[in-house]
file upload-v3.pdb (PDB, N, CA and C atoms)
ATOM      1  N   MET C  80       3.404  43.078   9.396
ATOM      2  CA  MET C  80       4.449  43.469   8.491
ATOM      3  C   MET C  80       5.263  42.233   8.105
ATOM      4  N   LYS C  81       5.303  41.942   6.815
ATOM      5  CA  LYS C  81       6.008  40.758   6.343
ATOM      6  C   LYS C  81       7.447  41.121   6.008
ATOM      7  N   MET C  82       8.356  40.309   6.569
ATOM      8  CA  MET C  82       9.773  40.562   6.316
ATOM      9  C   MET C  82      10.204  39.761   5.099
ATOM     10  N   THR C  83      11.056  40.342   4.298
ATOM     11  CA  THR C  83      11.563  39.620   3.140
ATOM     12  C   THR C  83      12.604  38.615   3.592
ATOM     13  N   ARG C  84      12.620  37.503   2.928
ATOM     14  CA  ARG C  84      13.572  36.447   3.275
ATOM     15  C   ARG C  84      14.827  36.601   2.426
ATOM     16  N   THR C  85      15.905  36.218   3.018
ATOM     17  CA  THR C  85      17.139  36.168   2.245
ATOM     18  C   THR C  85      17.151  34.864   1.458
ATOM     19  N   THR C  86      18.058  34.778   0.529
ATOM     20  CA  THR C  86      18.167  33.562  -0.283
ATOM     21  C   THR C  86      18.458  32.354   0.594
ATOM     22  N   ASN C  87      19.304  32.520   1.581
ATOM     23  CA  ASN C  87      19.651  31.423   2.480
ATOM     24  C   ASN C  87      18.423  30.955   3.262
ATOM     25  N   GLU C  88      17.613  31.863   3.743
ATOM     26  CA  GLU C  88      16.396  31.496   4.470
ATOM     27  C   GLU C  88      15.410  30.776   3.559
ATOM     28  N   GLN C  89      15.329  31.211   2.303
ATOM     29  CA  GLN C  89      14.433  30.552   1.350
ATOM     30  C   GLN C  89      14.893  29.131   1.057
ATOM     31  N   ILE C  90      16.201  28.954   0.944
ATOM     32  CA  ILE C  90      16.746  27.601   0.702
ATOM     33  C   ILE C  90      16.455  26.697   1.892
ATOM     34  N   ILE C  91      16.620  27.219   3.101
ATOM     35  CA  ILE C  91      16.341  26.430   4.307
ATOM     36  C   ILE C  91      14.859  26.067   4.383
ATOM     37  N   ALA C  92      13.987  27.015   4.056
ATOM     38  CA  ALA C  92      12.548  26.743   4.074
ATOM     39  C   ALA C  92      12.182  25.703   3.013
ATOM     40  N   LEU C  93      12.778  25.826   1.825
ATOM     41  CA  LEU C  93      12.513  24.865   0.752
ATOM     42  C   LEU C  93      13.001  23.474   1.144
ATOM     43  N   ASN C  94      14.150  23.413   1.797
ATOM     44  CA  ASN C  94      14.675  22.135   2.265
ATOM     45  C   ASN C  94      13.726  21.492   3.273
ATOM     46  N   GLY C  95      13.126  22.315   4.138
ATOM     47  CA  GLY C  95      12.152  21.796   5.095
ATOM     48  C   GLY C  95      10.926  21.239   4.395
ATOM     49  N   HIS C  96      10.472  21.921   3.345
ATOM     50  CA  HIS C  96       9.322  21.426   2.588
ATOM     51  C   HIS C  96       9.650  20.111   1.889
ATOM     52  N   ILE C  97      10.840  20.019   1.327
ATOM     53  CA  ILE C  97      11.260  18.786   0.641
ATOM     54  C   ILE C  97      11.341  17.634   1.638
ATOM     55  N   THR C  98      11.862  17.901   2.825
ATOM     56  CA  THR C  98      11.937  16.869   3.866
ATOM     57  C   THR C  98      10.536  16.383   4.235
ATOM     58  N   GLY C  99       9.582  17.301   4.354
ATOM     59  CA  GLY C  99       8.204  16.914   4.659
ATOM     60  C   GLY C  99       7.586  16.075   3.568
ATOM     61  N   VAL C 100       7.841  16.428   2.316
ATOM     62  CA  VAL C 100       7.311  15.667   1.183
ATOM     63  C   VAL C 100       7.918  14.266   1.166
ATOM     64  N   LYS C 101       9.217  14.166   1.417
ATOM     65  CA  LYS C 101       9.872  12.848   1.460
ATOM     66  C   LYS C 101       9.258  11.973   2.545
ATOM     67  N   ARG C 102       8.989  12.565   3.703
ATOM     68  CA  ARG C 102       8.397  11.810   4.813
ATOM     69  C   ARG C 102       7.003  11.319   4.440
ATOM     70  N   GLU C 103       6.215  12.191   3.793
ATOM     71  CA  GLU C 103       4.867  11.801   3.377
ATOM     72  C   GLU C 103       4.916  10.696   2.320
ATOM     73  N   LEU C 104       5.849  10.777   1.387
ATOM     74  CA  LEU C 104       5.983   9.727   0.371
ATOM     75  C   LEU C 104       6.374   8.396   0.995
ATOM     76  N   ARG C 105       7.266   8.438   1.974
ATOM     77  CA  ARG C 105       7.677   7.201   2.651
ATOM     78  C   ARG C 105       6.492   6.586   3.390
ATOM     79  N   THR C 106       5.692   7.419   4.044
ATOM     80  CA  THR C 106       4.503   6.935   4.754
ATOM     81  C   THR C 106       3.506   6.336   3.767
ATOM     82  N   LEU C 107       3.294   7.020   2.650
ATOM     83  CA  LEU C 107       2.364   6.531   1.638
ATOM     84  C   LEU C 107       2.831   5.209   1.054
ATOM     85  N   ALA C 108       4.129   5.087   0.788
ATOM     86  CA  ALA C 108       4.670   3.846   0.240
ATOM     87  C   ALA C 108       4.499   2.697   1.228
ATOM     88  N   THR C 109       4.697   2.960   2.513
ATOM     89  CA  THR C 109       4.530   1.928   3.538
ATOM     90  C   THR C 109       3.078   1.476   3.610
ATOM     91  N   GLN C 110       2.153   2.426   3.577
ATOM     92  CA  GLN C 110       0.731   2.079   3.624
ATOM     93  C   GLN C 110       0.318   1.308   2.377
ATOM     94  N   LEU C 111       0.853   1.687   1.234
ATOM     95  CA  LEU C 111       0.534   0.988  -0.014
ATOM     96  C   LEU C 111       1.051  -0.441   0.019
ATOM     97  N   TYR C 112       2.247  -0.637   0.580
ATOM     98  CA  TYR C 112       2.808  -1.979   0.696
ATOM     99  C   TYR C 112       1.942  -2.859   1.596
ATOM    100  N   LYS C 113       1.485  -2.286   2.723
ATOM    101  CA  LYS C 113       0.627  -3.043   3.636
ATOM    102  C   LYS C 113      -0.688  -3.414   2.959
ATOM    103  N   LEU C 114      -1.262  -2.488   2.198
ATOM    104  CA  LEU C 114      -2.508  -2.763   1.478
ATOM    105  C   LEU C 114      -2.292  -3.850   0.434
ATOM    106  N   GLU C 115      -1.158  -3.791  -0.251
ATOM    107  CA  GLU C 115      -0.854  -4.804  -1.263
ATOM    108  C   GLU C 115      -0.737  -6.190  -0.628
ATOM    109  N   LYS C 116      -0.110  -6.279   0.537
ATOM    110  CA  LYS C 116       0.003  -7.566   1.226
ATOM    111  C   LYS C 116      -1.370  -8.089   1.645
ATOM    112  N   GLN C 117      -2.243  -7.198   2.126
ATOM    113  CA  GLN C 117      -3.590  -7.612   2.519
ATOM    114  C   GLN C 117      -4.372  -8.115   1.312
ATOM    115  N   LEU C 118      -4.257  -7.423   0.181
ATOM    116  CA  LEU C 118      -4.956  -7.866  -1.032
ATOM    117  C   LEU C 118      -4.405  -9.196  -1.533
ATOM    118  N   GLN C 119      -3.100  -9.368  -1.408
ATOM    119  CA  GLN C 119      -2.495 -10.632  -1.823
ATOM    120  C   GLN C 119      -2.986 -11.773  -0.937
ATOM    121  N   ASN C 120      -3.092 -11.545   0.363
ATOM    122  CA  ASN C 120      -3.618 -12.566   1.275
ATOM    123  C   ASN C 120      -5.075 -12.881   0.955
ATOM    124  N   LEU C 121      -5.862 -11.852   0.653
ATOM    125  CA  LEU C 121      -7.259 -12.057   0.284
ATOM    126  C   LEU C 121      -7.370 -12.873  -0.997
ATOM    127  N   TYR C 122      -6.541 -12.548  -1.980
ATOM    128  CA  TYR C 122      -6.537 -13.272  -3.258
ATOM    129  C   TYR C 122      -6.240 -14.757  -3.030
ATOM    130  N   TRP C 123      -5.196 -15.045  -2.265
ATOM    131  CA  TRP C 123      -4.841 -16.445  -2.039
ATOM    132  C   TRP C 123      -5.890 -17.172  -1.211
ATOM    133  N   SER C 124      -6.526 -16.493  -0.283
ATOM    134  CA  SER C 124      -7.598 -17.116   0.498
ATOM    135  C   SER C 124      -8.770 -17.500  -0.403
ATOM    136  N   ILE C 125      -9.127 -16.607  -1.308
ATOM    137  CA  ILE C 125     -10.219 -16.893  -2.249
ATOM    138  C   ILE C 125      -9.839 -18.043  -3.169
ATOM    139  N   MET C 126      -8.600 -18.049  -3.670
ATOM    140  CA  MET C 126      -8.167 -19.122  -4.573
ATOM    141  C   MET C 126      -8.161 -20.476  -3.860
ATOM    142  N   ILE C 127      -7.692 -20.516  -2.630
ATOM    143  CA  ILE C 127      -7.670 -21.773  -1.875
ATOM    144  C   ILE C 127      -9.099 -22.236  -1.591
ATOM    145  N   GLY C 128      -9.983 -21.294  -1.237
ATOM    146  CA  GLY C 128     -11.383 -21.650  -0.992
ATOM    147  C   GLY C 128     -12.058 -22.191  -2.244
ATOM    148  N   LEU C 129     -11.803 -21.556  -3.387
ATOM    149  CA  LEU C 129     -12.385 -22.046  -4.642
ATOM    150  C   LEU C 129     -11.821 -23.415  -5.013
ATOM    151  N   GLY C 130     -10.534 -23.620  -4.763
ATOM    152  CA  GLY C 130      -9.929 -24.920  -5.050
ATOM    153  C   GLY C 130     -10.540 -26.017  -4.187
ATOM    154  N   ALA C 131     -10.741 -25.731  -2.908
ATOM    155  CA  ALA C 131     -11.342 -26.719  -2.011
ATOM    156  C   ALA C 131     -12.786 -27.004  -2.407
ATOM    157  N   LEU C 132     -13.521 -25.958  -2.771
ATOM    158  CA  LEU C 132     -14.905 -26.144  -3.208
ATOM    159  C   LEU C 132     -14.968 -26.963  -4.496
ATOM    160  N   SER C 133     -14.084 -26.667  -5.424
ATOM    161  CA  SER C 133     -14.051 -27.421  -6.682
ATOM    162  C   SER C 133     -13.737 -28.889  -6.429
ATOM    163  N   LEU C 134     -12.776 -29.130  -5.581
ATOM    164  CA  LEU C 134     -12.412 -30.511  -5.258
ATOM    165  C   LEU C 134     -13.572 -31.245  -4.595
ATOM    166  N   ALA C 135     -14.279 -30.570  -3.709
ATOM    167  CA  ALA C 135     -15.429 -31.189  -3.048
ATOM    168  C   ALA C 135     -16.534 -31.487  -4.053
ATOM    169  N   LEU C 136     -16.803 -30.553  -4.962
ATOM    170  CA  LEU C 136     -17.844 -30.783  -5.966
ATOM    171  C   LEU C 136     -17.468 -31.902  -6.929
ATOM    172  N   ILE C 137     -16.223 -31.959  -7.330
ATOM    173  CA  ILE C 137     -15.767 -33.048  -8.208
ATOM    174  C   ILE C 137     -15.909 -34.383  -7.501
ATOM    175  N   THR C 138     -15.565 -34.440  -6.234
ATOM    176  CA  THR C 138     -15.688 -35.683  -5.459
ATOM    177  C   THR C 138     -17.146 -36.100  -5.351
ATOM    178  N   ILE C 139     -18.036 -35.150  -5.129
ATOM    179  CA  ILE C 139     -19.449 -35.475  -5.007
ATOM    180  C   ILE C 139     -19.998 -36.009  -6.322
ATOM    181  N   PHE C 140     -19.665 -35.356  -7.426
ATOM    182  CA  PHE C 140     -20.197 -35.788  -8.721
ATOM    183  C   PHE C 140     -19.591 -37.095  -9.197
ATOM    184  N   LEU C 141     -18.345 -37.369  -8.856
ATOM    185  CA  LEU C 141     -17.727 -38.626  -9.261
ATOM    186  C   LEU C 141     -18.199 -39.797  -8.396
ATOM    187  N   ALA C 142     -18.677 -39.502  -7.186
ATOM    188  CA  ALA C 142     -19.139 -40.565  -6.292
ATOM    189  C   ALA C 142     -20.513 -41.080  -6.691
ATOM    190  N   LYS C 143     -21.245 -40.324  -7.487
ATOM    191  CA  LYS C 143     -22.598 -40.751  -7.859
ATOM    192  C   LYS C 143     -22.608 -41.770  -8.946
TER     193      LYS C 143
END
call {"tool": "encode", "arguments": {"input": "upload-v3.pdb", "output": "structure tokens"}}
result
Amino acid sequence: MKMTRTTNEQIIALNGHITGVKRELRTLATQLYKLEKQLQNLYWSIMIGLGALSLALITIFLAK
């Protein structure tokens, strides 16, 4: 048997749902920030590696 909720109970339940959504959004934002930092580190690692490789190749070709 389902009991009908009063308006106050519905507001409290809705507030609980909103709190849960806020918590999930905060968690998602934190995970997205961490992923962005990892991608940024990967990008800079690739750029530094390409720069070092380019410098080595230029040195080899200029030495000949």
call {"tool": "atom_distance", "arguments": {"input": "upload-v3.pdb", "atom1": "CA of Thr138 in chain C", "atom2": "CA of Met126 in chain C"}}
result
18.2 Å
call {"tool": "atom_distance", "arguments": {"input": "upload-v3.pdb", "atom1": "CA of Leu134 in chain C", "atom2": "CA of Glu115 in chain C"}}
result
28.5 Å
call {"tool": "atom_distance", "arguments": {"input": "upload-v3.pdb", "atom1": "CA of Ile127 in chain C", "atom2": "atom N of Leu141 in chain C"}}
result
20.1 Å
